[in-house]
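model06.cif (mmCIF, C-alpha atoms and all ligand atoms)
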data_data
loop_
_atom_site.label_atom_id
_atom_site.label_comp_id
_atom_site.auth_asym_id
_atom_site.auth_seq_id
_atom_site.Cartn_x
_atom_site.Cartn_y
_atom_site.Cartn_z
CA MET A 894 0.00 0.00 0.00
CA SER A 895 1.39 3.42 -0.89
CA PHE A 896 1.44 6.22 1.68
CA ARG A 897 -1.28 7.95 -0.31
CA GLU A 898 -3.49 4.84 -0.11
CA ILE A 899 -2.78 4.52 3.62
CA LEU A 900 -3.96 8.11 4.18
CA GLN A 901 -7.02 7.65 1.99
CA ASP A 902 -7.90 4.47 3.86
CA ALA A 903 -7.62 6.05 7.32
CA ASP A 904 -10.76 6.83 9.34
CA LEU A 905 -9.34 10.20 10.34
CA VAL A 906 -6.59 12.38 8.86
CA ILE A 907 -5.83 15.67 10.57
CA PRO A 908 -4.33 18.81 9.00
CA ASP A 909 -1.16 19.04 11.07
CA GLY A 910 0.78 21.65 9.10
CA SER A 911 0.53 25.25 7.92
CA SER A 912 1.28 24.15 4.35
CA LEU A 913 -2.01 22.21 4.36
CA LEU A 914 -3.92 25.31 5.42
CA TRP A 915 -2.32 27.19 2.56
CA ALA A 916 -3.23 24.40 0.11
CA ALA A 917 -6.79 24.30 1.46
CA LYS A 918 -7.12 28.03 0.94
CA VAL A 919 -5.79 27.86 -2.63
CA LEU A 920 -8.03 24.89 -3.48
CA LYS A 921 -11.03 26.27 -1.57
CA LYS A 922 -11.27 23.22 0.69
CA PRO A 923 -13.11 23.62 4.00
CA ILE A 924 -10.13 23.33 6.36
CA LYS A 925 -10.15 26.32 8.68
CA THR A 926 -7.55 25.51 11.28
CA ARG A 927 -4.55 23.33 12.05
CA VAL A 928 -5.12 20.30 14.24
CA THR A 929 -1.79 19.03 15.49
CA GLY A 930 -1.07 15.45 16.52
CA ILE A 931 0.12 16.57 19.95
CA ASP A 932 -3.04 18.65 20.59
CA LEU A 933 -5.26 15.76 19.54
CA MET A 934 -3.25 13.36 21.69
CA GLN A 935 -3.52 15.62 24.75
CA LEU A 936 -7.29 15.89 24.30
CA LEU A 937 -7.56 12.12 23.89
CA LEU A 938 -5.51 11.56 27.06
CA GLU A 939 -7.88 13.82 29.02
CA GLU A 940 -10.86 11.97 27.56
CA ALA A 941 -9.26 8.58 28.22
CA GLU A 942 -8.64 9.52 31.85
CA LYS A 943 -12.28 10.64 32.27
CA CYS A 944 -13.80 7.64 30.50
CA GLY A 945 -11.45 4.97 31.84
CA TRP A 946 -9.97 4.02 28.43
CA SER A 947 -6.60 2.32 28.57
CA VAL A 948 -3.69 3.54 26.44
CA TYR A 949 -0.36 2.18 25.14
CA PHE A 950 2.56 4.40 24.08
CA LEU A 951 4.80 3.15 21.27
CA GLY A 952 7.68 5.20 19.89
CA ALA A 953 10.59 7.56 20.57
CA LYS A 954 13.89 6.65 22.25
CA HIS A 955 13.89 4.43 25.33
CA GLU A 956 14.68 7.21 27.82
CA VAL A 957 12.24 9.60 26.14
CA ILE A 958 9.27 7.23 26.25
CA LYS A 959 9.99 6.41 29.89
CA GLU A 960 9.98 10.14 30.75
CA ALA A 961 6.85 10.69 28.66
CA VAL A 962 5.04 7.92 30.55
CA SER A 963 6.21 9.15 33.94
CA LEU A 964 5.21 12.79 33.29
CA THR A 965 1.88 11.75 31.76
CA ARG A 966 1.14 9.63 34.84
CA LYS A 967 1.79 12.72 37.00
CA ARG A 968 -0.47 14.89 34.83
CA HIS A 969 -3.23 12.26 34.57
CA PRO A 970 -3.13 10.23 37.78
CA SER A 971 -6.20 8.14 36.91
CA LEU A 972 -5.18 7.43 33.33
CA LYS A 973 -4.56 3.73 32.60
CA ILE A 974 -1.25 3.57 30.73
CA VAL A 975 -1.13 -0.19 30.38
CA GLY A 976 2.16 -0.40 28.52
CA TYR A 977 4.83 1.34 26.50
CA HIS A 978 7.81 0.58 24.28
CA HIS A 979 10.44 2.63 22.47
CA GLY A 980 10.20 2.93 18.71
CA TYR A 981 13.57 1.44 17.70
CA PHE A 982 12.76 -2.28 17.60
CA ASP A 983 13.58 -4.93 15.00
CA ASP A 984 11.12 -7.61 16.03
CA ASP A 985 7.49 -6.61 15.39
CA ASN A 986 6.27 -9.83 17.00
CA LEU A 987 7.44 -8.92 20.49
CA ILE A 988 5.63 -5.58 20.38
CA LEU A 989 2.50 -7.07 18.82
CA LYS A 990 2.39 -9.75 21.51
CA ASP A 991 2.74 -7.13 24.26
CA ILE A 992 -0.06 -4.99 22.80
CA LYS A 993 -2.26 -8.04 22.22
CA ASN A 994 -1.89 -9.14 25.84
CA LEU A 995 -2.58 -5.68 27.25
CA GLU A 996 -5.57 -4.91 24.97
CA PRO A 997 -5.32 -1.10 25.12
CA ASP A 998 -8.28 0.94 23.94
CA ILE A 999 -5.96 3.44 22.25
CA LEU A 1000 -2.52 2.83 20.78
CA PHE A 1001 -0.45 5.97 20.23
CA ALA A 1002 2.38 5.33 17.76
CA GLY A 1003 5.04 8.05 17.62
CA MET A 1004 7.70 6.75 15.25
CA GLY A 1005 7.62 9.61 12.74
CA ALA A 1006 5.78 9.74 9.44
CA PRO A 1007 5.48 7.66 7.32
CA LYS A 1008 7.03 4.87 9.44
CA GLN A 1009 4.25 4.88 12.05
CA GLU A 1010 1.43 4.89 9.46
CA VAL A 1011 3.08 2.09 7.46
CA TRP A 1012 3.64 0.02 10.63
CA LEU A 1013 0.07 0.52 11.88
CA THR A 1014 -1.41 -0.41 8.50
CA LYS A 1015 0.83 -3.46 8.08
CA ASN A 1016 -0.10 -4.77 11.54
CA ARG A 1017 -3.67 -3.53 11.71
CA ASP A 1018 -5.22 -7.00 11.77
CA ARG A 1019 -2.91 -8.15 14.55
CA LEU A 1020 -3.62 -5.16 16.81
CA ASN A 1021 -6.60 -5.67 19.07
CA CYS A 1022 -7.00 -2.05 20.10
CA ARG A 1023 -10.02 0.12 19.33
CA VAL A 1024 -8.07 3.06 17.98
CA ALA A 1025 -4.52 3.26 16.65
CA ILE A 1026 -3.16 6.68 15.83
CA GLY A 1027 0.16 8.05 14.58
CA VAL A 1028 1.36 10.97 16.69
CA GLY A 1029 4.82 11.78 15.26
CA GLY A 1030 7.12 13.46 17.73
CA SER A 1031 4.48 13.85 20.47
CA PHE A 1032 6.41 11.73 23.00
CA ASP A 1033 9.36 14.11 22.67
CA VAL A 1034 6.99 16.93 23.68
CA LEU A 1035 5.23 14.95 26.46
CA SER A 1036 8.63 14.03 27.95
CA GLY A 1037 9.65 17.70 28.00
CA ASN A 1038 12.60 17.06 25.65
CA VAL A 1039 11.11 19.18 22.88
CA LYS A 1040 9.38 22.47 23.58
CA ARG A 1041 6.49 23.65 21.44
CA ALA A 1042 6.62 27.09 19.81
CA PRO A 1043 5.20 29.96 21.87
CA MET A 1044 1.46 30.46 21.42
CA TRP A 1045 1.87 33.62 19.34
CA MET A 1046 3.96 31.66 16.81
CA GLN A 1047 1.50 28.75 16.78
CA ASN A 1048 -1.41 31.16 16.23
CA ARG A 1049 0.38 32.80 13.31
CA GLY A 1050 1.18 29.49 11.63
CA LEU A 1051 4.88 29.83 12.44
CA GLU A 1052 5.49 26.67 14.46
CA TRP A 1053 7.48 25.23 11.52
CA LEU A 1054 9.88 28.21 11.73
CA TYR A 1055 10.40 27.67 15.46
CA ARG A 1056 11.15 23.99 14.87
CA TYR A 1057 13.63 24.77 12.10
CA LEU A 1058 15.39 27.26 14.38
CA LYS A 1059 15.52 24.73 17.24
CA GLU A 1060 16.44 21.73 15.08
CA PRO A 1061 18.19 23.04 11.93
CA SER A 1062 18.63 19.46 10.68
CA ARG A 1063 14.86 19.38 9.97
CA ILE A 1064 15.49 21.81 7.12
CA LYS A 1065 16.29 18.85 4.83
CA ARG A 1066 12.62 17.90 5.01
CA SER A 1067 11.70 21.08 3.14
CA ILE A 1068 13.26 19.55 0.02
CA LEU A 1069 9.75 18.37 -0.91
CA LEU A 1070 8.19 21.80 -0.47
CA PRO A 1071 8.65 23.03 -4.08
CA ARG A 1072 7.06 19.78 -5.33
CA PHE A 1073 4.16 20.21 -2.91
CA ILE A 1074 3.61 23.81 -4.04
CA SER A 1075 3.74 22.83 -7.70
CA LEU A 1076 1.23 19.97 -7.16
CA VAL A 1077 -1.18 22.32 -5.39
CA LEU A 1078 -0.87 24.94 -8.14
CA LYS A 1079 -1.34 22.30 -10.87
CA GLU A 1080 -4.47 21.12 -9.08
CA LYS A 1081 -5.70 24.72 -8.89
CA ILE A 1082 -5.22 25.13 -12.64
CA ARG A 1083 -7.09 21.87 -13.26
CA ASN A 1084 -9.91 23.17 -11.03
CA LEU A 1085 -10.06 26.44 -12.96
CA LYS A 1086 -10.28 24.52 -16.24
CA GLY A 1087 -13.10 22.45 -14.74
CA GLU A 1088 -11.10 19.21 -15.04
CA LYS A 1089 -11.47 16.26 -12.69
CA THR A 1090 -9.77 16.95 -9.35
CA LEU A 1091 -7.90 14.74 -6.89
N1 LIG B 1 11.26 7.46 15.96
C1 LIG B 1 11.05 6.16 16.41
N2 LIG B 1 11.54 5.13 15.65
C2 LIG B 1 12.20 5.34 14.48
C3 LIG B 1 12.38 6.66 14.04
C4 LIG B 1 11.89 7.71 14.80
O1 LIG B 1 10.43 5.93 17.43
O2 LIG B 1 12.62 4.35 13.86
C5 LIG B 1 10.74 8.56 16.78
C6 LIG B 1 11.74 9.65 17.12
O3 LIG B 1 12.51 9.27 18.25
C7 LIG B 1 10.81 10.81 17.41
C8 LIG B 1 9.65 10.57 16.43
O4 LIG B 1 9.76 9.22 16.02
O5 LIG B 1 10.32 10.73 18.73
C9 LIG B 1 9.73 11.42 15.16
O6 LIG B 1 9.48 12.70 15.50
P1 LIG B 1 9.25 13.80 14.36
O7 LIG B 1 8.97 15.08 15.03
O8 LIG B 1 10.39 13.76 13.39
O9 LIG B 1 7.92 13.24 13.69
P2 LIG B 1 7.27 13.61 12.30
O10 LIG B 1 7.51 15.07 12.07
O11 LIG B 1 7.95 12.73 11.29
O12 LIG B 1 5.83 13.24 12.47
#
In structure tokens, what does this structure look like?
Amino acid sequence: MSFREILQDADLVIPDGSSLLWAAKVLKKPIKTRVTGIDLMQLLLEEAEKCGWSVYFLGAKHEVIKEAVSLTRKRHPSLKIVGYHHGYFDDDNLILKDIKNLEPDILFAGMGAPKQEVWLTKNRDRLNCRVAIGVGGSFDVLSGNVKRAPMWMQNRGLEWLYRYLKEPSRIKRSILLPRFISLVLKEKIRNLKGEKTL
């Protein structure tokens, strides 16, 4: 399955990026605001604590995930974190067995895109959780190792700039930006000509 097919097959895909808001505006799609993986995860954790849903954290480095679990337990004392594992494993079977035994309601997979989406799709039938969701670098944030941009930057769609300044190595990801812009503009031209759209 290609990454595109994985996204199209998902029950929920959230617009976690200012570039998507720009594309939505150009293509007149009804996306009004960013919804980040970390914001959605934090809301789900609150909800899970209230409703008694159990959760499993999968991803990030060993020390990071341990810190993320420990800080989350402090923030949400009644939340059932039934298990966790770092995201640098070779043997899928061990992880799948652990998750199967613990039967979490929600599995949060933070192994970066597209690795987490590919892994969740490949193992979907062997995961007996109700919801499985990719959350990128959220465990780095929950552990306190990565700080989010100040609110004024988030509100102005500048979180990407903050992250580039903090982690200059992320700049190599922007290599795909010109291709993204050209695809959006080509789609716009097709729309204007009344041709079939994506
Ligand atoms: N990661 C992981 N396993 C891997 C590669 C990455 O668990 O094989 C983790 C990494 O430690 C980090 C997260 O995945 O916590 C990726 O964070 P990033 O902000 O780069 O996510 P993205 O922007 O790709 O969603």
Between segment 1022-1066 of chain A and segment 947-962 of chain A, at 7 Å or less, what are the per-residue closest atom pairs and their distances in Å? Count only C-alpha atoms, order by chain and rising residue number, and return it as CSV.
residue,atom,partner,partner_atom,distance
A:Phe1032,CA,A:Ala961,CA,5.8
A:Asp1033,CA,A:Val957,CA,6.4
A:Leu1035,CA,A:Ala961,CA,5.1
A:Ser1036,CA,A:Ala961,CA,3.9
- Query: Rounded to one decimal in Å, what is the spacing between atom CA of Glu940 of chain A and atom CA of Pro970 of chain A?
  - Reply: 12.9 Å
- Query: What's the 6 Å shell around Tyr1055 of chain A, counting all atoms listed in the file, without same-chain residues fewer than 3 positions away, as a list in words?
  - Reply: Ala1042, Glu1052 and Leu1058 of chain A
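Using only C-alpha atoms, the residues found no farther than 10 Å from segment 1074-1091 of chain A, other than those of its own chain fewer than 3 positions away, are Ser912, Leu913, Trp915, Ala916, Ala917, Val919, Leu920, Lys921, Leu1069, Leu1070 and Pro1071 of chain A.
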Listed atoms of ligand LIG 1 (chain B), axis-aligned box, 4 Å per side: centre and edge lengths to one decimal in Å, as AutoDock Vina command-line options?
--center_x 9.2 --center_y 9.7 --center_z 15.0 --size_x 14.8 --size_y 18.7 --size_z 15.4
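Considering the residues A:Ser911, A:Leu938, A:Met1046, A:Asn1021 and counting only C-alpha atoms, Arg966 of chain A has its shortest atom-to-atom contact with A:Leu938.
Of the listed residues (A:Ser1031, A:Gln1047, A:Gln1009, A:Ser1067), A:Gln1009 comes nearest to Leu900 of chain A; the distances count all atoms listed in the file.
Atom to atom, atom O11 of ligand LIG 1 (chain B) and atom CA of Ser971 of chain A stand 29.6 Å apart.
Computed from the coordinates, the atom CA of Gly976 of chain A to atom O9 of ligand LIG 1 (chain B) distance equals 21.0 Å.
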- Task: For each of A:Trp1045, A:Phe982, A:Trp946, A:Phe1001, take the minimum atom-to-atom distance to ligand LIG 1 (chain B), counting all atoms listed in the file, then give the residue where this is smallest.
- Result: A:Phe982
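In this comparison, which uses all atoms listed in the file, the residue of A:Gly945, A:Pro1061, A:Pro997, A:Gly930 approaching ligand LIG 1 (chain B) most closely is A:Gly930.
Residue nearest Glu1010 of chain A, chosen from A:Ser895, A:Thr965, A:Asn994, A:Asn1048 and counting only C-alpha atoms: A:Ser895.
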Just add N, CA and C atoms to segment 938-963 of chain A and send it as a CSV table (one decimal), in the coordinates of the input.
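Output below, filename out.csv:
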chain,number,residue,atom,x,y,z
A,938,LEU,N,-6.0,12.0,25.7
A,938,LEU,CA,-5.5,11.6,27.1
A,938,LEU,C,-6.5,12.0,28.2
A,939,GLU,N,-6.9,13.3,28.0
A,939,GLU,CA,-7.9,13.8,29.0
A,939,GLU,C,-9.2,13.0,29.0
A,940,GLU,N,-9.6,12.7,27.8
A,940,GLU,CA,-10.9,12.0,27.6
A,940,GLU,C,-10.7,10.5,28.1
A,941,ALA,N,-9.5,10.0,27.8
A,941,ALA,CA,-9.3,8.6,28.2
A,941,ALA,C,-9.3,8.5,29.7
A,942,GLU,N,-8.7,9.5,30.4
A,942,GLU,CA,-8.6,9.5,31.8
A,942,GLU,C,-10.1,9.6,32.4
A,943,LYS,N,-10.9,10.5,31.8
A,943,LYS,CA,-12.3,10.6,32.3
A,943,LYS,C,-13.1,9.4,32.1
A,944,CYS,N,-12.9,8.8,30.9
A,944,CYS,CA,-13.8,7.6,30.5
A,944,CYS,C,-13.3,6.3,30.9
A,945,GLY,N,-12.0,6.2,31.4
A,945,GLY,CA,-11.4,5.0,31.8
A,945,GLY,C,-10.9,4.1,30.7
A,946,TRP,N,-10.6,4.8,29.6
A,946,TRP,CA,-10.0,4.0,28.4
A,946,TRP,C,-8.5,3.8,28.7
A,947,SER,N,-8.0,2.6,28.4
A,947,SER,CA,-6.6,2.3,28.6
A,947,SER,C,-5.8,2.7,27.3
A,948,VAL,N,-4.5,3.1,27.6
A,948,VAL,CA,-3.7,3.5,26.4
A,948,VAL,C,-2.3,2.8,26.5
A,949,TYR,N,-1.7,2.8,25.3
A,949,TYR,CA,-0.4,2.2,25.1
A,949,TYR,C,0.5,3.2,24.3
A,950,PHE,N,1.7,3.5,24.8
A,950,PHE,CA,2.6,4.4,24.1
A,950,PHE,C,3.6,3.6,23.3
A,951,LEU,N,3.8,3.8,22.1
A,951,LEU,CA,4.8,3.2,21.3
A,951,LEU,C,5.6,4.2,20.5
A,952,GLY,N,6.9,4.3,20.7
A,952,GLY,CA,7.7,5.2,19.9
A,952,GLY,C,8.7,6.0,20.7
A,953,ALA,N,9.5,6.7,20.0
A,953,ALA,CA,10.6,7.6,20.6
A,953,ALA,C,11.7,6.7,21.2
A,954,LYS,N,12.7,7.4,21.7
A,954,LYS,CA,13.9,6.6,22.2
A,954,LYS,C,13.5,6.1,23.6
A,955,HIS,N,14.2,5.1,24.1
A,955,HIS,CA,13.9,4.4,25.3
A,955,HIS,C,13.7,5.4,26.5
A,956,GLU,N,14.7,6.3,26.7
A,956,GLU,CA,14.7,7.2,27.8
A,956,GLU,C,13.5,8.2,27.7
A,957,VAL,N,13.3,8.6,26.4
A,957,VAL,CA,12.2,9.6,26.1
A,957,VAL,C,10.9,9.0,26.5
A,958,ILE,N,10.6,7.8,26.0
A,958,ILE,CA,9.3,7.2,26.2
A,958,ILE,C,9.0,7.0,27.7
A,959,LYS,N,10.1,6.6,28.4
A,959,LYS,CA,10.0,6.4,29.9
A,959,LYS,C,9.6,7.7,30.6
A,960,GLU,N,10.3,8.8,30.2
A,960,GLU,CA,10.0,10.1,30.8
A,960,GLU,C,8.6,10.6,30.4
A,961,ALA,N,8.2,10.3,29.1
A,961,ALA,CA,6.8,10.7,28.7
A,961,ALA,C,5.8,10.0,29.5
A,962,VAL,N,6.0,8.7,29.8
A,962,VAL,CA,5.0,7.9,30.6
A,962,VAL,C,5.0,8.5,32.0
A,963,SER,N,6.2,8.7,32.5
A,963,SER,CA,6.2,9.2,33.9
A,963,SER,C,5.6,10.5,34.1
